[in-house]
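Coordinates from model20.txt are shown below (compact mmCIF, C-alpha atoms).
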```txt
# COMPACT_ATOMS: atom_id res chain seq x y z
CA MET A 48 27.72 -12.08 12.24
CA THR A 49 24.97 -12.20 9.68
CA VAL A 50 21.80 -10.15 9.48
CA MET A 51 19.50 -10.96 12.40
CA ARG A 52 15.99 -10.36 11.14
CA ASP A 53 14.23 -9.92 14.46
CA GLN A 54 16.88 -7.50 15.69
CA VAL A 55 16.53 -5.42 12.52
CA VAL A 56 12.74 -5.47 12.75
CA LYS A 57 12.79 -4.28 16.35
CA SER A 58 15.15 -1.43 15.50
CA LEU A 59 13.22 -0.29 12.44
CA VAL A 60 9.83 -0.50 14.10
CA GLN A 61 11.03 2.32 16.36
CA VAL A 62 11.39 4.58 13.30
CA GLU A 63 8.24 6.61 13.50
CA VAL A 64 6.34 7.14 10.28
CA LYS A 65 4.28 10.28 10.53
CA ALA A 66 2.69 12.52 7.94
CA ASN A 67 4.05 16.03 7.60
CA GLU A 68 1.92 19.19 7.68
CA ASP A 69 0.88 18.52 4.07
CA GLY A 70 -0.49 15.10 5.01
CA LEU A 71 2.30 13.42 3.08
CA MET A 72 4.99 10.98 4.21
CA PRO A 73 8.18 11.54 2.23
CA GLY A 74 10.89 8.99 3.02
CA PHE A 75 13.22 6.48 1.36
CA ASN A 76 13.05 8.59 -1.86
CA VAL A 77 9.33 7.93 -2.19
CA LEU A 78 6.01 9.13 -0.82
CA VAL A 79 4.81 6.58 1.70
CA ASN A 80 1.22 5.84 2.69
CA GLN A 81 -0.15 3.83 5.59
CA LEU A 82 -3.48 2.30 4.64
CA PRO A 83 -5.47 -0.57 6.12
CA THR A 84 -4.40 -3.95 4.74
CA SER A 85 -8.08 -4.50 4.01
CA PHE A 86 -7.80 -1.77 1.36
CA TRP A 87 -5.07 -3.53 -0.61
CA ASN A 88 -6.72 -6.93 -0.18
CA THR A 89 -10.13 -5.65 -1.27
CA VAL A 90 -8.64 -3.95 -4.32
CA ALA A 91 -6.80 -7.10 -5.43
CA GLU A 92 -9.75 -9.37 -4.74
CA ARG A 93 -12.22 -7.21 -6.66
CA PHE A 94 -9.87 -6.61 -9.58
CA MET A 95 -9.46 -10.37 -9.93
CA ALA A 96 -13.21 -10.83 -9.59
CA ILE A 97 -14.07 -8.46 -12.47
CA ALA A 98 -11.59 -10.05 -14.86
CA PRO A 99 -13.22 -12.55 -17.22
CA PRO A 100 -11.48 -15.95 -17.50
CA ASP A 101 -9.51 -14.97 -20.59
CA ARG A 102 -8.07 -11.89 -18.82
CA LYS A 103 -7.39 -13.33 -15.35
CA ALA A 104 -3.75 -13.99 -16.20
CA ASP A 105 -3.30 -10.40 -17.41
CA MET A 106 -4.86 -9.05 -14.23
CA GLU A 107 -2.70 -11.26 -12.03
CA LYS A 108 0.40 -10.16 -13.91
CA ALA A 109 -0.61 -6.52 -13.53
CA LEU A 110 -1.15 -6.91 -9.77
CA VAL A 111 2.27 -8.52 -9.37
CA ASN A 112 3.82 -5.78 -11.48
CA CYS A 113 2.40 -3.03 -9.25
CA ALA A 114 4.34 -4.47 -6.31
CA TYR A 115 7.35 -5.34 -8.43
CA GLU A 116 7.97 -1.75 -9.52
CA CYS A 117 7.22 -0.54 -6.02
CA GLY A 118 9.67 -3.06 -4.58
CA TYR A 119 12.40 -2.13 -7.03
CA HIS A 120 12.27 1.63 -6.49
CA THR A 121 11.33 1.67 -2.82
CA GLY A 122 13.65 -1.25 -2.14
CA TYR A 123 16.52 0.77 -3.52
CA GLY A 124 15.46 3.73 -1.39
CA ILE A 125 15.42 1.44 1.63
CA VAL A 126 18.81 -0.22 1.14
CA SER A 127 20.46 3.13 0.46
CA SER A 128 18.74 4.89 3.38
CA PRO A 129 20.58 6.07 6.50
CA GLU A 130 18.37 3.74 8.59
CA PHE A 131 19.44 0.68 6.59
CA GLN A 132 23.04 1.77 6.61
CA SER A 133 23.09 2.20 10.38
CA VAL A 134 20.93 -0.76 11.42
CA VAL A 135 21.59 -3.46 8.83
CA MET A 136 24.96 -2.82 7.21
CA PRO A 137 27.01 -3.39 10.38
CA MET A 138 25.67 -6.96 10.40
CA VAL A 139 26.48 -7.63 6.75
CA THR A 140 29.31 -10.16 6.44
CA GLU A 141 28.12 -12.22 3.50
CA GLY A 142 27.74 -9.53 0.82
CA ALA A 143 24.64 -9.65 -1.36
CA LYS A 144 23.11 -12.53 0.62
CA ASP A 145 23.13 -10.47 3.77
CA VAL A 146 21.82 -7.40 2.00
CA LEU A 147 18.91 -9.57 0.88
CA ARG A 148 18.36 -10.82 4.42
CA GLY A 149 18.36 -7.21 5.56
CA ALA A 150 15.92 -6.19 2.85
CA PHE A 151 13.51 -8.93 3.92
CA ALA A 152 13.88 -7.81 7.52
CA VAL A 153 12.70 -4.38 6.37
CA PHE A 154 9.96 -6.10 4.37
CA THR A 155 8.88 -7.63 7.67
CA ALA A 156 9.25 -4.42 9.67
CA TRP A 157 7.02 -2.49 7.28
CA GLY A 158 4.23 -5.00 7.81
CA TRP A 159 4.32 -6.62 4.37
CA ALA A 160 5.09 -10.17 5.52
CA LYS A 161 6.80 -11.97 8.36
CA SER A 162 9.27 -13.47 6.02
CA GLY A 163 12.83 -14.52 5.52
CA VAL A 164 15.28 -15.95 3.06
CA VAL A 165 15.56 -19.74 3.41
CA GLN A 166 17.82 -20.42 0.45
CA VAL A 167 19.94 -18.36 -1.94
CA ARG A 168 22.03 -19.54 -4.84
CA ASP A 169 24.11 -16.49 -5.71
CA GLY A 170 22.59 -14.63 -8.62
CA GLU A 171 20.46 -17.60 -9.66
CA ARG A 172 17.70 -18.60 -7.29
CA MET A 173 16.18 -17.65 -3.96
CA VAL A 174 13.46 -19.17 -1.78
CA ILE A 175 11.45 -16.99 0.59
CA ARG A 176 9.22 -18.30 3.35
CA ALA A 177 6.51 -16.13 4.86
CA VAL A 178 4.84 -17.43 8.00
CA ASP A 179 2.42 -14.51 8.08
CA TYR A 180 1.43 -12.01 5.42
CA TYR A 181 -1.61 -9.80 5.09
CA GLU A 182 -2.49 -11.02 1.61
CA ALA A 183 -3.34 -14.39 3.16
CA ASP A 184 -6.41 -12.63 4.62
CA SER A 185 -7.77 -11.72 1.19
CA GLY A 186 -10.82 -13.28 -0.36
CA GLY A 187 -10.75 -15.12 -3.65
CA SER A 188 -9.38 -18.40 -4.78
CA GLY A 189 -5.97 -19.89 -5.42
CA LEU A 190 -2.56 -18.52 -4.46
CA ARG A 191 -2.88 -14.75 -4.30
CA ALA A 192 0.14 -13.12 -2.63
CA TYR A 193 0.70 -10.83 -5.60
CA MET A 194 2.52 -8.20 -3.55
CA VAL A 195 4.97 -10.64 -1.95
CA ARG A 196 5.75 -12.08 -5.39
CA GLY A 197 6.44 -8.72 -6.97
CA VAL A 198 8.56 -7.33 -4.17
CA SER A 199 10.57 -10.56 -3.82
CA ALA A 200 11.60 -10.50 -7.48
CA ALA A 201 12.52 -6.83 -7.15
CA PHE A 202 14.71 -7.40 -4.10
CA MET A 203 16.56 -10.21 -5.87
CA GLU A 204 17.28 -7.79 -8.71
CA LEU A 205 18.58 -5.16 -6.32
CA ALA A 206 21.02 -7.74 -4.94
CA TYR A 207 22.10 -9.56 -8.09
CA ALA A 208 21.05 -7.80 -11.30
CA GLU A 209 22.66 -4.80 -12.99
CA PRO A 210 23.02 -1.86 -10.58
CA TYR A 211 19.93 0.27 -10.00
CA PRO A 212 18.13 1.48 -12.10
CA ASN A 213 19.24 -0.89 -14.88
CA GLY A 214 18.47 -4.28 -13.36
CA MET A 215 14.77 -4.67 -13.97
CA ASN A 216 13.18 -7.68 -15.66
CA THR A 217 15.99 -10.02 -14.67
CA PHE A 218 14.14 -12.28 -12.19
CA SER A 219 10.62 -13.57 -11.74
CA CYS A 220 8.87 -15.01 -8.72
CA GLU A 221 6.36 -17.84 -8.45
CA GLN A 222 4.35 -18.63 -5.36
CA THR A 223 4.48 -22.35 -4.54
CA LEU A 224 2.68 -22.46 -1.16
CA GLY A 225 0.15 -20.18 0.49
CA ARG A 226 -1.53 -19.80 3.86
CA GLU A 227 -4.56 -18.55 1.92
CA VAL A 228 -5.00 -22.06 0.48
CA GLY A 229 -4.36 -23.90 3.73
CA ASP A 230 -0.60 -24.39 3.66
CA PRO A 231 1.32 -23.72 6.91
CA HIS A 232 3.25 -20.86 5.31
CA GLY A 233 3.76 -19.06 2.03
CA GLU A 234 6.69 -20.02 -0.14
CA PHE A 235 8.09 -17.98 -3.01
CA VAL A 236 10.69 -19.11 -5.51
CA ILE A 237 12.64 -16.46 -7.42
CA THR A 238 14.54 -17.52 -10.52
CA LYS A 239 16.36 -15.87 -13.38
CA LYS A 240 14.16 -15.15 -16.39
CA MET B 1339 -11.41 17.61 18.21
CA ASN B 1340 -8.04 16.00 17.58
CA LEU B 1341 -7.76 12.56 16.05
CA GLU B 1342 -6.20 10.10 18.49
CA LEU B 1343 -3.97 7.48 16.96
CA SER B 1344 -2.82 4.40 18.82
CA HIS B 1345 -0.12 2.50 16.96
CA THR B 1346 0.69 -1.03 18.09
CA PHE B 1347 3.04 -3.66 16.75
CA ASP B 1348 2.21 -7.31 17.29
CA GLU B 1349 5.44 -9.10 18.20
CA ALA B 1350 4.08 -12.50 17.16
CA SER B 1351 2.81 -11.70 13.68
CA PHE B 1352 4.95 -8.60 13.15
CA ARG B 1353 1.85 -6.75 11.98
CA HIS B 1354 1.14 -3.07 12.61
CA PHE B 1355 -2.18 -1.76 13.89
CA VAL B 1356 -3.54 1.76 14.13
CA ASN B 1357 -6.58 2.07 16.38
CA GLY B 1358 -7.01 -1.69 16.11
CA HIS B 1359 -6.93 -1.85 12.30
CA ASN B 1360 -4.13 -3.75 10.56
CA VAL B 1361 -2.18 -1.23 8.46
CA VAL B 1362 0.77 -1.43 6.13
CA LEU B 1363 3.26 1.00 4.62
CA HIS B 1364 3.42 1.22 0.85
CA CYS B 1365 4.77 3.81 -1.55
CA HIS B 1366 3.53 6.10 -4.31
CA HIS B 1367 4.82 3.68 -6.95
CA TYR B 1368 2.43 1.01 -5.68
CA MET B 1369 -0.43 3.49 -5.45
CA SER B 1370 0.25 4.98 -8.88
CA LEU B 1371 0.51 1.59 -10.54
CA THR B 1372 -2.66 0.38 -8.82
CA THR B 1373 -4.45 3.50 -10.03
CA ARG B 1374 -3.15 3.00 -13.57
CA LEU B 1375 -4.18 -0.64 -13.43
CA SER B 1376 -7.73 0.50 -12.73
CA GLU B 1377 -7.52 2.78 -15.77
CA ASP B 1378 -6.07 0.00 -17.93
CA PHE B 1379 -9.09 -2.13 -17.07
CA ALA B 1380 -11.58 0.72 -17.45
CA ASP B 1381 -13.67 -1.41 -19.79
CA LEU B 1382 -14.30 -3.71 -16.82
CA GLY B 1383 -15.13 -0.83 -14.47
CA GLY B 1384 -11.65 -0.56 -12.93
CA PRO B 1385 -11.92 3.03 -11.62
CA ARG B 1386 -15.33 2.31 -10.08
CA VAL B 1387 -13.97 -0.83 -8.43
CA LEU B 1388 -11.06 1.12 -6.96
CA ARG B 1389 -13.38 3.82 -5.60
CA GLU B 1390 -15.76 1.31 -4.07
CA ALA B 1391 -12.96 -0.80 -2.61
CA THR B 1392 -11.61 2.35 -0.96
CA GLU B 1393 -15.02 3.37 0.35
CA ASP B 1394 -15.68 -0.11 1.75
CA SER B 1395 -12.28 -0.46 3.44
CA ILE B 1396 -12.11 3.05 4.91
CA ARG B 1397 -15.67 3.06 6.26
CA PRO B 1398 -15.04 0.50 9.05
CA VAL B 1399 -12.01 2.51 10.19
CA LEU B 1400 -14.13 5.65 10.56
CA ASP B 1401 -17.18 3.89 12.01
CA SER B 1402 -15.18 2.13 14.71
CA TYR B 1403 -13.44 5.37 15.69
CA PHE B 1404 -16.71 7.29 15.94
CA ALA B 1405 -18.31 4.50 17.98
CA GLU B 1406 -15.38 4.14 20.34
CA HIS B 1407 -15.02 7.88 20.93
CA LYS B 1408 -18.77 8.52 20.88
CA VAL B 1409 -18.52 11.09 18.09
CA THR B 1410 -22.02 11.87 16.84
CA SER B 1411 -21.84 15.33 15.27
CA PRO B 1412 -21.51 15.20 11.46
CA ALA B 1413 -19.21 18.24 11.55
CA ASP B 1414 -16.87 16.53 14.01
CA ARG B 1415 -16.97 13.34 11.98
CA LEU B 1416 -16.05 15.15 8.77
CA ASP B 1417 -13.21 16.89 10.55
CA LEU B 1418 -11.90 13.63 11.99
CA GLY B 1419 -12.15 12.05 8.54
CA ARG B 1420 -10.09 14.93 7.21
CA GLN B 1421 -7.46 14.25 9.86
CA TYR B 1422 -7.48 10.51 9.13
CA PHE B 1423 -6.84 11.28 5.44
CA SER B 1424 -3.67 13.09 6.42
CA ALA B 1425 -2.65 10.52 9.03
CA MET B 1426 -2.70 7.85 6.32
CA GLY B 1427 -0.38 9.98 4.20
CA LEU B 1428 -3.03 10.69 1.57
CA GLY B 1429 -2.66 14.46 1.63
CA ARG B 1430 -4.24 17.55 3.13
CA MET B 1431 -7.89 18.39 2.66
CA GLU B 1432 -10.43 21.04 3.52
CA VAL B 1433 -14.00 19.81 3.77
CA SER B 1434 -17.45 21.33 4.08
CA GLY B 1435 -20.84 19.86 3.48
CA SER B 1436 -24.26 18.67 4.53
CA ALA B 1437 -26.26 15.47 4.27
CA THR B 1438 -27.00 16.23 0.63
CA GLU B 1439 -23.87 17.86 -0.79
CA GLY B 1440 -20.39 18.99 0.00
CA GLN B 1441 -17.01 20.03 -1.28
CA VAL B 1442 -13.53 18.81 -0.59
CA THR B 1443 -10.39 20.68 -1.59
CA LEU B 1444 -7.12 18.79 -1.63
CA ARG B 1445 -4.16 21.11 -1.22
CA HIS B 1446 -1.92 18.06 -1.32
CA SER B 1447 -2.69 14.60 -2.64
CA HIS B 1448 -0.57 11.45 -2.38
CA VAL B 1449 -2.29 9.95 -5.41
CA ASP B 1450 -1.85 13.01 -7.64
CA GLU B 1451 1.61 14.04 -6.50
CA GLY B 1452 2.80 10.43 -6.60
CA TRP B 1453 1.51 10.08 -10.17
CA VAL B 1454 3.21 13.33 -11.20
CA GLN B 1455 6.49 12.21 -9.62
CA LYS B 1456 6.31 8.90 -11.48
CA TRP B 1457 4.96 9.87 -14.88
CA GLY B 1458 4.33 13.62 -14.97
CA ALA B 1459 1.00 15.35 -15.52
CA HIS B 1460 -2.03 13.48 -16.85
CA ASP B 1461 -4.94 14.54 -19.03
CA LYS B 1462 -7.73 13.40 -16.71
CA PRO B 1463 -8.35 13.01 -12.98
CA VAL B 1464 -7.03 9.81 -11.39
CA ASN B 1465 -7.78 10.18 -7.70
CA HIS B 1466 -10.25 7.32 -7.45
CA VAL B 1467 -8.88 6.45 -4.03
CA GLY B 1468 -9.49 10.02 -2.81
CA CYS B 1469 -13.04 9.94 -4.17
CA GLY B 1470 -13.71 6.63 -2.41
CA PHE B 1471 -12.29 7.98 0.82
CA VAL B 1472 -14.51 11.06 0.66
CA ALA B 1473 -17.57 8.92 -0.13
CA ALA B 1474 -16.84 6.83 2.98
CA MET B 1475 -16.26 9.98 5.04
CA PHE B 1476 -19.59 11.57 4.11
CA ALA B 1477 -21.56 8.33 4.48
CA ALA B 1478 -20.00 7.75 7.92
CA ALA B 1479 -20.59 11.36 8.96
CA PHE B 1480 -24.29 11.22 8.11
CA ASP B 1481 -24.95 7.56 9.00
CA ARG B 1482 -25.76 6.60 5.45
CA PRO B 1483 -25.13 3.27 3.74
CA ALA B 1484 -22.35 2.73 1.22
CA ARG B 1485 -22.81 4.39 -2.21
CA SER B 1486 -24.95 7.17 -0.68
CA PHE B 1487 -22.66 9.85 -2.08
CA GLN B 1488 -21.24 10.45 -5.53
CA VAL B 1489 -17.87 12.14 -5.59
CA THR B 1490 -16.44 13.71 -8.74
CA GLU B 1491 -13.25 15.64 -9.34
CA SER B 1492 -13.84 19.04 -10.94
CA ALA B 1493 -10.19 20.11 -10.67
CA SER B 1494 -7.17 17.95 -10.32
CA ILE B 1495 -3.56 18.38 -9.21
CA VAL B 1496 -2.49 15.69 -11.66
CA MET B 1497 -3.82 17.88 -14.49
CA GLY B 1498 -1.90 20.91 -13.29
CA ALA B 1499 -4.43 22.57 -11.00
CA PRO B 1500 -3.03 24.06 -7.79
CA ALA B 1501 -5.51 21.98 -5.79
CA SER B 1502 -7.92 19.16 -6.47
CA VAL B 1503 -11.60 19.89 -5.94
CA LEU B 1504 -13.99 17.04 -5.23
CA ALA B 1505 -17.72 17.71 -5.49
CA VAL B 1506 -19.91 15.56 -3.26
CA ARG B 1507 -23.55 14.89 -4.10
CA GLN B 1508 -26.13 12.65 -2.53
CA ALA B 1509 -26.59 9.67 -4.85
```
Reformat the file's structure so that it appears as structure tokens.
Amino acid sequence: MTVMRDQVVKSLVQVEVKANEDGLMPGFNVLVNQLPTSFWNTVAERFMAIAPPDRKADMEKALVNCAYECGYHTGYGIVSSPEFQSVVMPMVTEGAKDVLRGAFAVFTAWGWAKSGVVQVRDGERMVIRAVDYYEADSGGSGLRAYMVRGVSAAFMELAYAEPYPNGMNTFSCEQTLGREVGDPHGEFVITKK
Amino acid sequence: MNLELSHTFDEASFRHFVNGHNVVLHCHHYMSLTTRLSEDFADLGGPRVLREATEDSIRPVLDSYFAEHKVTSPADRLDLGRQYFSAMGLGRMEVSGSATEGQVTLRHSHVDEGWVQKWGAHDKPVNHVGCGFVAAMFAAAFDRPARSFQVTESASIVMGAPASVLAVRQA
């Protein structure tokens, strides 16, 4: 058996995310929020819009980094959570590759992107395909799935870099295709730095 | 009046919806870094952009709820906005106000407490998202256009105060 994404998604979607009496959602070693996707898209679109041409690259890098750090810390919280251990780990037969497949199933279940691993070269390279992701709805120009890029690099590090929390800045992710520019799906290539 | 939340999951796209609005789970790291990004680009108006982006993306959520449930009283609308703030995991607020001014007290704040967890206390307020939310809430409550209310933090959890206090003034 290997990790079956849709089965994982269906199990994890049942996990109810509700704020406590303080209006906070502690879980997976982080505080979670549940905001409209339009919020995150509007923020990214307007941040890019205010950046002058000579600072666009810095802004893009900063947007990717926001998701990257989030993906690294929250991703670790996810893969070490009781939910992941009970739902995903019983299906893991191929070590780190399957942990990655499981992490992307969670990525999908949380509403980040309907995505999956299409190719992994152990510790070297990974290709992710996303057939649907909310960032594709954002305004602006060019490839702009900053969140998917950041989180994808982070998940690769959780699987193949030094153990948490020492594995950061090992991989980077480039987006090669995007629904937001008319491609049939988004494609993300993660390679060693 | 209790806020009614209807959560649906689309099996084709695997997207989540609350009361018809596409929503997504993210964490305090993402929120804190996005807030700091706005500060890093303060010379380009980053904090203002973050506030306005929040106001403009929260407003449709509130407007559609009030329309669907036929909520017309400003007091009820403010109270439902308060409940929405908590339902989104942004914290716990107390709110009072009129069409010209108001006050919001945050006993808990995702933005502030997330920032403190990540980096510790800060020397100035950072809850631009909270201010944008409150601006949307007051404008929706009193049927005013966007940017009708100015919201400023006079006390802040991230600076060590026991609660954040947001002053609301008609713009």
Chain A contacts to chain B at 6 Å (all atoms listed in the file) as a list in words: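 Close to chain B, chain A has Ala66, Asp69, Gly70, Leu71, Met72, Leu78, Val79, Asn80, Gln81, Leu82, Pro83, Thr84, Ser85, Phe86, Thr89, Val90, Cys113, Ala114, Cys117, Trp157 and Gly158 of chain A.
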How big is the axis-aligned box around all listed atoms of region 183-197 of chain A once 8 Å goes on each side, and where's its centre, in Å to one decimal, as lines of an AutoDock Vina configuration file?
```
center_x = -2.2
center_y = -14.0
center_z = -1.2
size_x = 33.3
size_y = 27.7
size_z = 27.6
```
Please indicate the distance in Å from CA of Val1442 (chain B) to CA of Arg1386 (chain B), rounded to one decimal place. 19.1 Å
Have a look at CA of Asp169 (chain A) and CA of Lys144 (chain A) and let me know their distance in Å, one decimal. 7.5 Å
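When all atoms listed in the file are used to measure the gap to Gln1488 (chain B), the shortest distance among B:Trp1457, B:Ser1502, B:Thr1438, B:Leu1341 belongs to B:Thr1438.
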Could you please determine the separation between CA of Arg1397 (chain B) and CA of Ala160 (chain A) in Å, to one decimal place? 24.6 Å
Excluding Gly124 (chain A) and residues on its chain fewer than 4 positions from it, collect all residues at most 9 Å away from it, counting all atoms listed in the file, and give them as an MDAnalysis selection string. chainID A and resid 74:77 119:120 128
Using only C-alpha atoms, which of A:Phe151, A:Gly187, A:Tyr123, A:Lys57 sits nearest Gly214 (chain A)? A:Tyr123
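Between Phe1471 (chain B) and the residues B:Gly1358, B:Pro1483, B:Gly1419, B:Pro1385, the shortest atom-to-atom distance, using all atoms listed in the file, involves B:Gly1419.
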Show me, as a list in words, the residues that have an atom within 8 Å of Val56 (chain A) when counting all atoms listed in the file, minus same-chain residues fewer than 6 positions from it.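 My reading of the contact set: Ala152, Val153, Thr155 and Ala156 of chain A.
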Next, the residues of the selection above should be written as a PDB file, keeping the file's coordinate frame with C-alpha atoms.
```pdb
ATOM      1  CA  ALA A 152      13.880  -7.810   7.520  1.00  0.00           C
ATOM      2  CA  VAL A 153      12.700  -4.380   6.370  1.00  0.00           C
ATOM      3  CA  THR A 155       8.880  -7.630   7.670  1.00  0.00           C
ATOM      4  CA  ALA A 156       9.250  -4.420   9.670  1.00  0.00           C
TER       5      ALA A 156
END
```
Compile the contact shell of Lys239 (chain A) as a list in words: residues with an atom at most 10 Å away, counting all atoms listed in the file, same-chain residues fewer than 3 positions apart removed.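 In the requested form, the answer reads Gly170, Glu171, Arg172, Met173, Ala200, Met203, Glu204, Ala208, Asn216, Thr217, Phe218, Ser219 and Cys220 of chain A.
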Considering all atoms listed in the file, return as a ChimeraX atom specification whatever protein or nucleic-acid residues lie within 8 Å of region 229-234 of chain A, sequence-local ones (same chain, fewer than 2 positions apart) excluded. /A:174-179,222-227,236
With distances taken over only C-alpha atoms, which residue among B:Ser1436, B:Asn1465, B:Ser1492, B:Ser1344 lies nearest Asp1450 (chain B)?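 So, comparing all the options, the nearest one is B:Asn1465.
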Between B:Val1503, B:Val1464, B:Glu1342, B:Ala1437, which is the closest to Ser1486 (chain B) once you count all atoms listed in the file?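 Closest candidate: B:Ala1437.
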Kindly indicate which residue among A:Asp101, A:Phe235, A:Met95, A:Asp53 lies nearest to Val165 (chain A), using all atoms listed in the file for the distances. A:Phe235
Report as a PyMOL selection string all protein, DNA and RNA residues lying within 10 Å of Glu92 (chain A), evaluated on all atoms listed in the file, omitting residues in the same chain fewer than 5 positions from it. (chain A and resi 86-87+97+182+185-188+191) or (chain B and resi 1391)
Region 1354-1366 of chain B rebuilt with N, CA and C atoms, output as a PDB file, keeping the file's coordinate frame:
```
ATOM      1  N   HIS B1354       1.369  -4.383  12.007  1.00  0.00           N
ATOM      2  CA  HIS B1354       1.140  -3.070  12.610  1.00  0.00           C
ATOM      3  C   HIS B1354      -0.368  -2.791  12.669  1.00  0.00           C
ATOM      4  N   PHE B1355      -0.764  -2.129  13.738  1.00  0.00           N
ATOM      5  CA  PHE B1355      -2.180  -1.760  13.890  1.00  0.00           C
ATOM      6  C   PHE B1355      -2.277  -0.297  14.292  1.00  0.00           C
ATOM      7  N   VAL B1356      -3.218   0.406  13.694  1.00  0.00           N
ATOM      8  CA  VAL B1356      -3.540   1.760  14.130  1.00  0.00           C
ATOM      9  C   VAL B1356      -5.004   1.759  14.552  1.00  0.00           C
ATOM     10  N   ASN B1357      -5.224   2.105  15.796  1.00  0.00           N
ATOM     11  CA  ASN B1357      -6.580   2.070  16.380  1.00  0.00           C
ATOM     12  C   ASN B1357      -7.250   0.724  16.125  1.00  0.00           C
ATOM     13  N   GLY B1358      -6.469  -0.329  16.212  1.00  0.00           N
ATOM     14  CA  GLY B1358      -7.010  -1.690  16.110  1.00  0.00           C
ATOM     15  C   GLY B1358      -7.116  -2.227  14.695  1.00  0.00           C
ATOM     16  N   HIS B1359      -6.829  -1.409  13.698  1.00  0.00           N
ATOM     17  CA  HIS B1359      -6.930  -1.850  12.300  1.00  0.00           C
ATOM     18  C   HIS B1359      -5.543  -2.169  11.747  1.00  0.00           C
ATOM     19  N   ASN B1360      -5.402  -3.345  11.165  1.00  0.00           N
ATOM     20  CA  ASN B1360      -4.130  -3.750  10.560  1.00  0.00           C
ATOM     21  C   ASN B1360      -3.793  -2.773   9.423  1.00  0.00           C
ATOM     22  N   VAL B1361      -2.607  -2.190   9.489  1.00  0.00           N
ATOM     23  CA  VAL B1361      -2.180  -1.230   8.460  1.00  0.00           C
ATOM     24  C   VAL B1361      -0.833  -1.643   7.902  1.00  0.00           C
ATOM     25  N   VAL B1362      -0.501  -1.089   6.753  1.00  0.00           N
ATOM     26  CA  VAL B1362       0.770  -1.430   6.130  1.00  0.00           C
ATOM     27  C   VAL B1362       1.305  -0.204   5.381  1.00  0.00           C
ATOM     28  N   LEU B1363       2.621  -0.089   5.370  1.00  0.00           N
ATOM     29  CA  LEU B1363       3.260   1.000   4.620  1.00  0.00           C
ATOM     30  C   LEU B1363       3.463   0.566   3.168  1.00  0.00           C
ATOM     31  N   HIS B1364       3.068   1.411   2.259  1.00  0.00           N
ATOM     32  CA  HIS B1364       3.420   1.220   0.850  1.00  0.00           C
ATOM     33  C   HIS B1364       3.813   2.575   0.275  1.00  0.00           C
ATOM     34  N   CYS B1365       4.220   2.577  -0.984  1.00  0.00           N
ATOM     35  CA  CYS B1365       4.770   3.810  -1.550  1.00  0.00           C
ATOM     36  C   CYS B1365       3.925   4.323  -2.711  1.00  0.00           C
ATOM     37  N   HIS B1366       4.312   5.500  -3.219  1.00  0.00           N
ATOM     38  CA  HIS B1366       3.530   6.100  -4.310  1.00  0.00           C
ATOM     39  C   HIS B1366       3.653   5.297  -5.603  1.00  0.00           C
TER      40      HIS B1366
END
```
